[in-house]
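Chemist: final-v1.txt (compact mmCIF, C-alpha atoms) pasted underneath:
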# COMPACT_ATOMS: atom_id res chain seq x y z
CA MET A 11 -29.56 48.03 8.57
CA VAL A 12 -27.83 49.91 5.74
CA THR A 13 -25.98 52.94 7.10
CA ARG A 14 -25.62 56.15 5.10
CA ARG A 15 -21.87 55.50 4.74
CA ARG A 16 -22.42 51.95 3.49
CA PHE A 17 -25.16 53.11 1.07
CA ILE A 18 -22.85 55.74 -0.43
CA ARG A 19 -19.97 53.24 -0.63
CA ASN A 20 -22.11 50.61 -2.36
CA SER A 21 -23.51 53.15 -4.82
CA LEU A 22 -20.05 54.41 -5.73
CA LEU A 23 -18.66 50.92 -6.10
CA ALA A 24 -21.56 49.80 -8.24
CA THR A 25 -20.98 52.74 -10.57
CA ALA A 26 -17.22 52.19 -10.59
CA GLY A 27 -17.81 48.53 -11.36
CA LEU A 28 -18.76 49.45 -14.91
CA SER A 29 -15.15 50.35 -15.67
CA LEU A 30 -12.93 48.62 -13.10
CA SER A 31 -11.08 45.37 -13.79
CA ALA A 32 -11.60 42.24 -11.70
CA SER A 33 -8.37 42.87 -9.77
CA GLU A 34 -9.36 46.49 -9.06
CA LEU A 35 -12.78 45.39 -7.86
CA LEU A 36 -11.15 42.88 -5.52
CA GLN A 37 -8.86 45.58 -4.17
CA ALA A 38 -11.84 47.89 -3.67
CA GLY A 39 -13.52 45.20 -1.59
CA LEU A 40 -16.52 44.81 -3.86
CA LEU A 41 -15.64 41.24 -4.78
CA GLN A 42 -14.59 39.24 -1.76
CA GLN A 43 -13.07 36.31 -3.64
CA ASN A 44 -11.90 35.12 -6.98
CA TYR A 45 -14.42 33.05 -8.90
CA LEU A 46 -14.64 30.51 -11.69
CA SER A 47 -16.91 31.92 -14.41
CA PHE A 48 -18.70 30.46 -17.43
CA ASP A 49 -20.74 31.63 -20.40
CA LEU A 50 -23.36 29.08 -21.45
CA HIS A 51 -23.76 30.50 -24.96
CA ALA A 52 -21.37 32.44 -27.22
CA HIS A 53 -20.43 32.87 -30.89
CA PRO A 54 -16.97 34.46 -30.63
CA GLY A 55 -16.20 36.67 -33.60
CA ALA A 56 -19.46 35.55 -35.29
CA PHE A 57 -17.31 32.89 -36.96
CA PHE A 58 -20.36 31.14 -38.45
CA TYR A 59 -20.86 34.14 -40.78
CA LYS A 60 -17.52 33.62 -42.53
CA GLY A 61 -18.03 33.76 -46.28
CA SER A 62 -21.01 36.12 -46.01
CA PRO A 63 -21.26 39.96 -45.98
CA GLN A 64 -22.12 39.91 -42.25
CA TYR A 65 -18.74 38.42 -41.28
CA PRO A 66 -16.67 40.99 -39.32
CA GLY A 67 -13.30 39.47 -40.27
CA ASP A 68 -10.86 37.01 -38.74
CA GLY A 69 -9.68 39.55 -36.16
CA ALA A 70 -13.08 39.61 -34.47
CA ILE A 71 -12.62 36.28 -32.68
CA LEU A 72 -9.26 37.37 -31.29
CA LYS A 73 -10.86 40.53 -29.92
CA THR A 74 -13.64 38.57 -28.21
CA VAL A 75 -11.44 35.82 -26.79
CA SER A 76 -8.93 38.38 -25.55
CA GLY A 77 -11.85 40.10 -23.82
CA MET A 78 -12.81 36.78 -22.23
CA ASN A 79 -9.38 36.49 -20.68
CA GLU A 80 -9.23 40.15 -19.68
CA GLY A 81 -12.64 39.93 -18.02
CA GLY A 82 -11.71 36.73 -16.20
CA LEU A 83 -13.98 34.26 -18.02
CA SER A 84 -12.95 30.68 -17.26
CA GLY A 85 -14.97 28.81 -19.88
CA ALA A 86 -17.72 29.06 -22.47
CA PHE A 87 -19.73 27.08 -24.95
CA PHE A 88 -18.52 28.19 -28.40
CA SER A 89 -21.60 27.51 -30.49
CA LEU A 90 -22.08 26.63 -34.14
CA VAL A 91 -25.41 27.78 -35.62
CA ALA A 92 -27.20 24.87 -37.28
CA ASP A 93 -29.73 26.94 -39.20
CA GLY A 94 -27.44 29.91 -39.88
CA PRO A 95 -27.99 30.03 -43.67
CA LEU A 96 -31.76 29.83 -43.13
CA LEU A 97 -31.97 33.01 -41.05
CA GLU A 98 -32.18 36.73 -41.75
CA VAL A 99 -31.73 39.63 -39.35
CA THR A 100 -34.60 42.12 -39.40
CA PRO A 101 -35.14 45.36 -37.43
CA THR A 102 -37.23 43.41 -34.94
CA GLY A 103 -35.05 40.31 -34.60
CA ILE A 104 -34.14 37.10 -36.41
CA LYS A 105 -36.55 35.39 -38.78
CA PRO A 106 -36.31 31.99 -40.54
CA LYS A 107 -36.45 31.64 -44.31
CA GLY A 108 -36.54 28.46 -46.39
CA GLY A 109 -35.11 25.10 -45.44
CA TYR A 110 -32.27 22.66 -46.11
CA GLY A 111 -32.16 20.11 -48.90
CA ALA A 112 -30.90 16.57 -48.35
CA GLY A 113 -27.39 16.57 -46.82
CA GLU A 114 -27.09 20.37 -46.72
CA ALA A 115 -27.35 20.66 -42.92
CA MET A 116 -24.45 18.27 -42.32
CA LYS A 117 -22.39 20.06 -44.97
CA GLU A 118 -23.00 23.33 -43.12
CA TYR A 119 -21.97 21.70 -39.83
CA SER A 120 -18.66 20.59 -41.36
CA ARG A 121 -18.08 24.06 -42.83
CA GLN A 122 -18.64 25.88 -39.54
CA LEU A 123 -16.63 23.37 -37.53
CA GLY A 124 -13.69 23.71 -39.92
CA ILE A 125 -13.80 27.51 -39.69
CA LEU A 126 -13.88 27.51 -35.90
CA LYS A 127 -11.07 24.96 -35.56
CA GLU A 128 -8.86 27.00 -37.88
CA LEU A 129 -9.60 30.27 -36.09
CA MET A 130 -8.98 28.66 -32.70
CA THR A 131 -5.31 28.24 -33.61
CA THR A 132 -5.01 32.05 -33.59
CA VAL A 133 -6.54 32.86 -30.20
CA PRO A 134 -5.54 32.50 -26.51
CA ALA A 135 -8.00 29.74 -25.66
CA SER A 136 -7.89 25.96 -25.27
CA TRP A 137 -10.34 23.25 -26.33
CA ALA A 138 -12.22 21.56 -23.51
CA THR A 139 -14.42 18.50 -23.12
CA ARG A 140 -14.31 17.80 -19.36
CA THR A 141 -14.72 19.64 -16.07
CA ALA A 142 -11.00 19.10 -15.44
CA ASP A 143 -10.29 21.24 -18.52
CA LEU A 144 -12.41 24.02 -17.02
CA ASP A 145 -10.57 23.80 -13.71
CA ARG A 146 -7.25 23.99 -15.54
CA ALA A 147 -8.41 27.04 -17.48
CA PHE A 148 -9.47 28.74 -14.25
CA LYS A 149 -6.05 28.09 -12.77
CA ASP A 150 -4.17 29.20 -15.90
CA LYS A 151 -6.44 32.23 -16.58
CA LYS A 152 -6.94 31.12 -20.19
CA VAL A 153 -10.51 30.49 -21.30
CA ALA A 154 -11.65 26.93 -22.00
CA ALA A 155 -13.72 26.50 -25.19
CA PHE A 156 -16.41 23.82 -25.02
CA LEU A 157 -17.97 23.07 -28.40
CA ALA A 158 -21.76 23.38 -28.82
CA CYS A 159 -24.35 23.35 -31.61
CA GLU A 160 -27.31 25.73 -31.67
CA GLY A 161 -30.12 23.77 -33.32
CA GLY A 162 -30.41 20.10 -34.18
CA GLU A 163 -30.63 20.40 -37.96
CA PHE A 164 -27.22 18.75 -38.35
CA LEU A 165 -28.72 15.47 -37.13
CA ASP A 166 -31.42 15.24 -39.81
CA GLY A 167 -33.52 13.52 -37.15
CA ASP A 168 -30.96 10.72 -36.70
CA ALA A 169 -29.85 10.34 -33.08
CA GLY A 170 -27.03 8.07 -34.30
CA ARG A 171 -25.24 11.11 -35.72
CA LEU A 172 -24.58 12.29 -32.18
CA GLU A 173 -21.74 9.77 -32.10
CA MET A 174 -19.93 11.73 -34.81
CA LEU A 175 -20.58 15.07 -33.11
CA TYR A 176 -19.28 13.68 -29.83
CA ALA A 177 -16.11 12.43 -31.56
CA ASP A 178 -15.66 15.93 -33.01
CA GLY A 179 -15.66 17.33 -29.48
CA VAL A 180 -19.24 18.62 -29.33
CA ARG A 181 -20.49 18.51 -25.75
CA SER A 182 -23.78 20.38 -25.95
CA VAL A 183 -26.64 20.46 -28.46
CA GLN A 184 -29.45 23.00 -28.36
CA LEU A 185 -32.38 21.04 -29.78
CA VAL A 186 -34.08 23.91 -31.62
CA HIS A 187 -33.28 27.44 -32.78
CA TYR A 188 -35.30 29.74 -35.09
CA ALA A 189 -35.98 27.43 -38.05
CA PRO A 190 -38.60 24.77 -37.19
CA ASN A 191 -37.09 21.27 -37.20
CA VAL A 192 -38.06 17.63 -36.66
CA LEU A 193 -36.99 17.40 -33.00
CA GLY A 194 -39.50 19.62 -31.24
CA ASP A 195 -41.44 22.88 -31.09
CA LEU A 196 -39.87 26.27 -30.48
CA GLN A 197 -40.97 29.49 -28.84
CA THR A 198 -41.17 31.64 -31.96
CA SER A 199 -43.12 29.42 -34.39
CA ASP A 200 -46.42 27.58 -34.39
CA ALA A 201 -46.37 24.12 -32.82
CA GLN A 202 -45.81 21.17 -35.16
CA HIS A 203 -45.17 18.36 -32.66
CA GLN A 204 -47.06 19.49 -29.51
CA GLY A 205 -43.76 19.33 -27.67
CA LEU A 206 -40.86 16.95 -28.23
CA SER A 207 -41.20 14.66 -31.25
CA GLU A 208 -40.37 10.95 -31.21
CA LYS A 209 -37.10 11.77 -33.00
CA GLY A 210 -36.44 14.42 -30.39
CA LYS A 211 -37.00 11.88 -27.63
CA SER A 212 -34.44 9.57 -29.24
CA VAL A 213 -31.94 12.44 -29.32
CA VAL A 214 -32.51 13.21 -25.63
CA ARG A 215 -31.97 9.58 -24.65
CA ARG A 216 -28.80 9.26 -26.72
CA MET A 217 -27.37 12.52 -25.36
CA ASN A 218 -27.93 11.20 -21.84
CA GLN A 219 -26.11 7.99 -22.75
CA LEU A 220 -23.16 9.76 -24.37
CA GLY A 221 -22.76 12.39 -21.67
CA MET A 222 -23.77 15.48 -23.63
CA VAL A 223 -25.43 18.63 -22.29
CA ILE A 224 -29.04 19.08 -23.47
CA ASP A 225 -29.82 22.75 -24.12
CA VAL A 226 -33.51 23.73 -24.28
CA ALA A 227 -33.01 27.39 -25.21
CA HIS A 228 -35.58 28.55 -27.80
CA ALA A 229 -37.72 25.47 -27.03
CA SER A 230 -41.43 25.85 -26.27
CA PHE A 231 -42.78 25.16 -22.80
CA ASP A 232 -44.27 21.87 -23.99
CA THR A 233 -40.94 20.79 -25.49
CA VAL A 234 -39.10 21.60 -22.28
CA ARG A 235 -41.75 19.78 -20.25
CA ASP A 236 -41.23 16.67 -22.39
CA VAL A 237 -37.43 16.86 -22.11
CA VAL A 238 -37.68 17.20 -18.33
CA SER A 239 -39.96 14.16 -18.09
CA LEU A 240 -37.47 12.08 -20.07
CA THR A 241 -33.94 13.18 -19.17
CA SER A 242 -31.83 11.37 -16.61
CA ALA A 243 -29.39 14.28 -16.32
CA PRO A 244 -29.59 18.01 -15.57
CA ILE A 245 -30.37 20.25 -18.54
CA ILE A 246 -29.50 23.84 -19.37
CA LEU A 247 -31.49 26.68 -20.88
CA SER A 248 -28.46 28.57 -22.10
CA HIS A 249 -29.86 32.06 -22.74
CA THR A 250 -33.15 33.60 -21.67
CA LEU A 251 -34.80 35.74 -18.99
CA LEU A 252 -37.95 35.69 -16.92
CA ARG A 253 -40.77 37.44 -18.78
CA THR A 254 -41.83 40.70 -17.15
CA ASP A 255 -43.53 42.54 -20.02
CA GLU A 256 -45.27 41.02 -23.06
CA ASN A 257 -44.70 44.24 -25.02
CA ARG A 258 -40.92 44.32 -24.77
CA PRO A 259 -38.86 43.36 -27.83
CA LEU A 260 -37.88 39.67 -27.75
CA ALA A 261 -40.57 38.86 -25.18
CA ALA A 262 -41.32 35.66 -27.11
CA ARG A 263 -37.82 34.46 -26.22
CA THR A 264 -38.33 34.89 -22.48
CA ILE A 265 -39.91 32.37 -20.11
CA THR A 266 -42.59 32.08 -17.48
CA VAL A 267 -42.09 31.17 -13.82
CA GLU A 268 -43.32 27.62 -14.47
CA HIS A 269 -40.94 27.28 -17.45
CA ALA A 270 -37.97 28.36 -15.33
CA ARG A 271 -38.86 25.95 -12.54
CA LEU A 272 -38.99 23.02 -14.98
CA VAL A 273 -35.28 23.52 -15.75
CA ALA A 274 -34.42 23.97 -12.08
CA LYS A 275 -36.28 20.74 -11.28
CA THR A 276 -33.63 18.76 -13.17
CA GLY A 277 -30.84 20.38 -11.18
CA GLY A 278 -29.78 22.36 -14.26
CA VAL A 279 -28.94 25.99 -15.00
CA ILE A 280 -30.59 28.90 -16.82
CA GLY A 281 -28.26 31.40 -18.46
CA ALA A 282 -29.28 35.03 -17.85
CA TRP A 283 -29.40 36.68 -21.28
CA PRO A 284 -28.32 40.35 -21.72
CA SER A 285 -30.29 40.90 -24.92
CA GLY A 286 -32.38 43.77 -26.24
CA TYR A 287 -35.15 42.57 -23.93
CA CYS A 288 -33.24 44.50 -21.27
CA THR A 289 -33.35 48.29 -21.42
CA SER A 290 -29.87 48.72 -19.92
CA PHE A 291 -27.03 46.94 -18.15
CA ASP A 292 -28.68 47.78 -14.81
CA ASP A 293 -31.94 46.31 -16.09
CA PHE A 294 -30.05 43.12 -16.94
CA ILE A 295 -28.82 42.92 -13.35
CA GLU A 296 -32.41 43.40 -12.10
CA ASN A 297 -33.66 40.70 -14.46
CA THR A 298 -30.96 38.32 -13.25
CA ILE A 299 -32.11 38.88 -9.67
CA ARG A 300 -35.72 38.12 -10.68
CA LEU A 301 -34.56 34.86 -12.25
CA VAL A 302 -32.72 33.97 -9.04
CA GLU A 303 -35.84 34.66 -6.98
CA VAL A 304 -37.93 32.31 -9.14
CA ALA A 305 -35.55 29.48 -10.09
CA GLY A 306 -33.27 29.60 -7.05
CA VAL A 307 -29.69 30.79 -6.75
CA ASP A 308 -28.39 27.28 -7.52
CA HIS A 309 -29.95 27.32 -10.99
CA VAL A 310 -28.87 30.61 -12.59
CA GLY A 311 -25.77 31.35 -14.66
CA LEU A 312 -24.76 33.55 -17.60
CA GLY A 313 -25.65 33.12 -21.28
CA THR A 314 -24.47 36.19 -23.22
CA ASP A 315 -25.05 35.06 -26.83
CA MET A 316 -21.88 37.09 -27.42
CA ASP A 317 -21.35 38.28 -31.01
CA GLY A 318 -24.72 36.83 -32.00
CA ASN A 319 -27.00 38.77 -29.66
CA PHE A 320 -29.71 41.27 -30.64
CA LYS A 321 -29.06 44.76 -29.22
CA PRO A 322 -26.93 43.46 -26.32
CA VAL A 323 -26.51 45.39 -23.08
CA PHE A 324 -23.47 43.21 -22.25
CA SER A 325 -21.20 43.56 -25.27
CA SER A 326 -17.75 42.80 -23.82
CA TYR A 327 -16.47 40.31 -21.26
CA THR A 328 -14.68 43.18 -19.56
CA GLN A 329 -18.18 43.88 -18.13
CA LEU A 330 -18.13 40.55 -16.31
CA PRO A 331 -16.71 41.96 -13.04
CA ALA A 332 -19.30 44.76 -13.18
CA TRP A 333 -22.09 42.20 -13.45
CA ALA A 334 -20.72 40.34 -10.43
CA ALA A 335 -20.43 43.65 -8.59
CA GLY A 336 -23.99 44.60 -9.47
CA LEU A 337 -25.37 41.28 -8.24
CA LYS A 338 -23.53 41.64 -4.97
CA ASN A 339 -24.74 45.20 -4.58
CA LYS A 340 -28.33 43.92 -4.91
CA GLY A 341 -27.83 41.90 -1.74
CA LEU A 342 -26.43 38.56 -2.88
CA THR A 343 -23.62 37.11 -0.79
CA GLY A 344 -20.16 36.42 -2.16
CA GLU A 345 -20.97 32.70 -2.15
CA GLU A 346 -24.19 33.27 -4.12
CA VAL A 347 -22.44 35.42 -6.71
CA THR A 348 -19.76 32.74 -7.09
CA LYS A 349 -22.47 30.16 -7.86
CA ILE A 350 -24.05 32.35 -10.53
CA MET A 351 -20.75 33.32 -12.15
CA GLY A 352 -19.77 29.71 -12.80
CA GLY A 353 -20.17 27.46 -9.79
CA ASN A 354 -23.61 26.25 -10.83
CA VAL A 355 -22.40 25.43 -14.34
CA ARG A 356 -19.38 23.58 -13.01
CA ARG A 357 -21.64 21.44 -10.81
CA THR A 358 -23.88 20.65 -13.77
CA LEU A 359 -21.04 19.82 -16.14
CA THR A 360 -19.49 17.54 -13.54
CA LYS A 361 -22.70 15.48 -13.44
CA ILE A 362 -22.88 15.12 -17.24
CA LEU A 363 -19.48 15.14 -18.95
CA SER A 364 -17.39 11.99 -18.79
Taking this structure as input, can you express it in the form of structure tokens?

Modeler:
Amino acid sequence: MVTRRRFIRNSLLATAGLSLSASELLQAGLLQQNYLSFDLHAHPGAFFYKGSPQYPGDGAILKTVSGMNEGGLSGAFFSLVADGPLLEVTPTGIKPKGGYGAGEAMKEYSRQLGILKELMTTVPASWATRTADLDRAFKDKKVAAFLACEGGEFLDGDAGRLEMLYADGVRSVQLVHYAPNVLGDLQTSDAQHQGLSEKGKSVVRRMNQLGMVIDVAHASFDTVRDVVSLTSAPIILSHTLLRTDENRPLAARTITVEHARLVAKTGGVIGAWPSGYCTSFDDFIENTIRLVEVAGVDHVGLGTDMDGNFKPVFSSYTQLPAWAAGLKNKGLTGEEVTKIMGGNVRRTLTKILS
């Protein structure tokens, strides 16, 4: 039974959580233990925009990575954007335009990778490829950067190119993004393959063999169903939420109960996404709880889409302790919050990365 004193205490702490640091929250008793934390999807400093008018400048990545460390983030997937030049931002979201010519996608991959590697020399983060690197980052309080690719355009349908990406340090590939490609169907465009294509199936098999994380964010239900039927390893859906209202902005990028349970079936993790689909930070916490109720507490994590998100309600990693506080205030135990913050991701990465 919740006493009046406990109700008032929890309400005050939940409100205070929006501004208190992790150490202050621990001292206040809202967080009962330190926790390893992970972001399944981020674009620190919007580095992929460099060379275009949308680029915020080289200082942006330092601001974001410093926020990661201040907020207590242990690790994240720093993601290239395969179809970046093919997209435009509109008042209602991101839309695809045009397509790549022969060799252009791989040229764009090399450009973005070079930019990120150069910028990484200026920020307090370390490259990571294994779970041991994440554990070290947690101990040292310096975020571990795992390299990811959003969209499979770089492959040009050739699963053999994954060897090169792996050698470059890439440990996760999101099969599709906003521009339709040859690997599979996506949520926001008409179906072309009725799920995962034969080339997409070859990519899934090779990623399993290499020890790379398969990300099915943006993929249609049929594509995810096909990946789940084929994969021998857990998968992630790095950034989405459970659909609650068809009329909300970005509803097409949310998922059904059945969709969520497909990912959970593999033992993988779904990253709760604090996008413009949420009306507020509190609404994001509520949506995270709904995802937990459907997929199970062992299959939910965080996927902020930081610096690439549309109307985010989580715009700084200094909000990370507040998110943990909010989840705990909704009735989750300290152990459950620890799983969501990063424990579930660590378990998944341990099963995949060599």

Chemist: Work out how far CA of Met130 (chain A) is from CA of Gln219 (chain A), in Å to one decimal.

Modeler: 28.6 Å

Chemist: In file coordinates, which residues lie within 9 Å of (-9.9, 31.5, -38.6) using all atoms listed in the file, given as a list in words?

Modeler: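 Counting all atoms listed in the file, I find these residues within 9 Å of (-9.9, 31.5, -38.6): Phe57, Lys60, Gly67, Asp68, Gly69, Ile71, Gly124, Ile125, Leu126, Lys127, Glu128, Leu129, Met130, Thr131 and Thr132 of chain A.
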
Chemist: To box region 61-72 of chain A, take all atoms listed in the file, fit an axis-aligned box, add 3 Å on each side, and give centre and edge lengths in Å to one decimal, as JSON.

Modeler:
{"center_x": -15.7, "center_y": 37.4, "center_z": -38.8, "size_x": 18.9, "size_y": 13.2, "size_z": 21.0}

Chemist: Enumerate, as a PyMOL selection string, the protein, DNA and RNA residues whose atoms approach (-19.8, 35.2, -29.7) to within 7 Å, taking into account all atoms listed in the file and the coordinate frame of the file.

Modeler: chain A and resi 52-56+315-318

Chemist: Compile the contact shell of Gly108 (chain A) as a PDB file with C-alpha atoms, in the coordinates of the input: residues with an atom at most 8 Å away, counting all atoms listed in the file, same-chain residues fewer than 2 positions apart removed.

Modeler:
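Generated file (selection34.pdb):
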ATOM      1  CA  LEU A  96     -31.760  29.830 -43.130  1.00  0.00           C
ATOM      2  CA  PRO A 106     -36.310  31.990 -40.540  1.00  0.00           C
ATOM      3  CA  TYR A 110     -32.270  22.660 -46.110  1.00  0.00           C
TER       4      TYR A 110
END

Chemist: Please reconstruct the missing atoms of region 146-171 of chain A (target: N, CA and C atoms) and return them as a PDB file, in the frame of the given file.

Modeler:
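As written to disk, out-v2.pdb reads:
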ATOM      1  N   ARG A 146      -8.592  23.610 -15.086  1.00  0.00           N
ATOM      2  CA  ARG A 146      -7.250  23.990 -15.540  1.00  0.00           C
ATOM      3  C   ARG A 146      -7.256  25.406 -16.125  1.00  0.00           C
ATOM      4  N   ALA A 147      -8.290  25.712 -16.886  1.00  0.00           N
ATOM      5  CA  ALA A 147      -8.410  27.040 -17.480  1.00  0.00           C
ATOM      6  C   ALA A 147      -8.543  28.112 -16.404  1.00  0.00           C
ATOM      7  N   PHE A 148      -9.302  27.809 -15.365  1.00  0.00           N
ATOM      8  CA  PHE A 148      -9.470  28.740 -14.250  1.00  0.00           C
ATOM      9  C   PHE A 148      -8.128  29.009 -13.575  1.00  0.00           C
ATOM     10  N   LYS A 149      -7.368  27.956 -13.402  1.00  0.00           N
ATOM     11  CA  LYS A 149      -6.050  28.090 -12.770  1.00  0.00           C
ATOM     12  C   LYS A 149      -5.084  28.867 -13.657  1.00  0.00           C
ATOM     13  N   ASP A 150      -5.120  28.584 -14.968  1.00  0.00           N
ATOM     14  CA  ASP A 150      -4.170  29.200 -15.900  1.00  0.00           C
ATOM     15  C   ASP A 150      -4.626  30.561 -16.404  1.00  0.00           C
ATOM     16  N   LYS A 151      -5.872  30.953 -16.110  1.00  0.00           N
ATOM     17  CA  LYS A 151      -6.440  32.230 -16.580  1.00  0.00           C
ATOM     18  C   LYS A 151      -6.444  32.312 -18.102  1.00  0.00           C
ATOM     19  N   LYS A 152      -6.833  31.203 -18.735  1.00  0.00           N
ATOM     20  CA  LYS A 152      -6.940  31.120 -20.190  1.00  0.00           C
ATOM     21  C   LYS A 152      -8.211  30.364 -20.513  1.00  0.00           C
ATOM     22  N   VAL A 153      -9.156  31.014 -21.150  1.00  0.00           N
ATOM     23  CA  VAL A 153     -10.510  30.490 -21.300  1.00  0.00           C
ATOM     24  C   VAL A 153     -10.555  29.118 -21.961  1.00  0.00           C
ATOM     25  N   ALA A 154     -11.434  28.260 -21.449  1.00  0.00           N
ATOM     26  CA  ALA A 154     -11.650  26.930 -22.000  1.00  0.00           C
ATOM     27  C   ALA A 154     -12.846  26.972 -22.949  1.00  0.00           C
ATOM     28  N   ALA A 155     -12.671  26.476 -24.167  1.00  0.00           N
ATOM     29  CA  ALA A 155     -13.720  26.500 -25.190  1.00  0.00           C
ATOM     30  C   ALA A 155     -14.367  25.129 -25.301  1.00  0.00           C
ATOM     31  N   PHE A 156     -15.612  25.030 -24.860  1.00  0.00           N
ATOM     32  CA  PHE A 156     -16.410  23.820 -25.020  1.00  0.00           C
ATOM     33  C   PHE A 156     -17.248  23.988 -26.286  1.00  0.00           C
ATOM     34  N   LEU A 157     -17.284  22.979 -27.120  1.00  0.00           N
ATOM     35  CA  LEU A 157     -17.970  23.070 -28.400  1.00  0.00           C
ATOM     36  C   LEU A 157     -19.457  22.739 -28.259  1.00  0.00           C
ATOM     37  N   ALA A 158     -20.312  23.573 -28.872  1.00  0.00           N
ATOM     38  CA  ALA A 158     -21.760  23.380 -28.820  1.00  0.00           C
ATOM     39  C   ALA A 158     -22.364  23.619 -30.200  1.00  0.00           C
ATOM     40  N   CYS A 159     -23.594  23.134 -30.380  1.00  0.00           N
ATOM     41  CA  CYS A 159     -24.350  23.350 -31.610  1.00  0.00           C
ATOM     42  C   CYS A 159     -25.691  23.969 -31.264  1.00  0.00           C
ATOM     43  N   GLU A 160     -26.021  25.068 -31.889  1.00  0.00           N
ATOM     44  CA  GLU A 160     -27.310  25.730 -31.670  1.00  0.00           C
ATOM     45  C   GLU A 160     -28.287  25.269 -32.750  1.00  0.00           C
ATOM     46  N   GLY A 161     -29.184  24.353 -32.377  1.00  0.00           N
ATOM     47  CA  GLY A 161     -30.120  23.770 -33.320  1.00  0.00           C
ATOM     48  C   GLY A 161     -29.712  22.353 -33.678  1.00  0.00           C
ATOM     49  N   GLY A 162     -30.700  21.498 -33.890  1.00  0.00           N
ATOM     50  CA  GLY A 162     -30.410  20.100 -34.180  1.00  0.00           C
ATOM     51  C   GLY A 162     -30.515  19.710 -35.632  1.00  0.00           C
ATOM     52  N   GLU A 163     -30.507  20.697 -36.529  1.00  0.00           N
ATOM     53  CA  GLU A 163     -30.630  20.400 -37.960  1.00  0.00           C
ATOM     54  C   GLU A 163     -29.545  19.466 -38.464  1.00  0.00           C
ATOM     55  N   PHE A 164     -28.351  19.560 -37.912  1.00  0.00           N
ATOM     56  CA  PHE A 164     -27.220  18.750 -38.350  1.00  0.00           C
ATOM     57  C   PHE A 164     -27.522  17.251 -38.267  1.00  0.00           C
ATOM     58  N   LEU A 165     -28.426  16.890 -37.359  1.00  0.00           N
ATOM     59  CA  LEU A 165     -28.720  15.470 -37.130  1.00  0.00           C
ATOM     60  C   LEU A 165     -29.657  14.877 -38.172  1.00  0.00           C
ATOM     61  N   ASP A 166     -30.413  15.722 -38.852  1.00  0.00           N
ATOM     62  CA  ASP A 166     -31.420  15.240 -39.810  1.00  0.00           C
ATOM     63  C   ASP A 166     -32.339  14.206 -39.160  1.00  0.00           C
ATOM     64  N   GLY A 167     -32.613  14.408 -37.865  1.00  0.00           N
ATOM     65  CA  GLY A 167     -33.520  13.520 -37.150  1.00  0.00           C
ATOM     66  C   GLY A 167     -32.932  12.185 -36.742  1.00  0.00           C
ATOM     67  N   ASP A 168     -31.628  11.992 -36.985  1.00  0.00           N
ATOM     68  CA  ASP A 168     -30.960  10.720 -36.700  1.00  0.00           C
ATOM     69  C   ASP A 168     -30.115  10.840 -35.443  1.00  0.00           C
ATOM     70  N   ALA A 169     -30.590  10.262 -34.338  1.00  0.00           N
ATOM     71  CA  ALA A 169     -29.850  10.340 -33.080  1.00  0.00           C
ATOM     72  C   ALA A 169     -28.481   9.677 -33.183  1.00  0.00           C
ATOM     73  N   GLY A 170     -28.322   8.733 -34.119  1.00  0.00           N
ATOM     74  CA  GLY A 170     -27.030   8.070 -34.300  1.00  0.00           C
ATOM     75  C   GLY A 170     -25.921   9.013 -34.699  1.00  0.00           C
ATOM     76  N   ARG A 171     -26.273  10.153 -35.299  1.00  0.00           N
ATOM     77  CA  ARG A 171     -25.240  11.110 -35.720  1.00  0.00           C
ATOM     78  C   ARG A 171     -24.582  11.808 -34.534  1.00  0.00           C
TER      79      ARG A 171
END
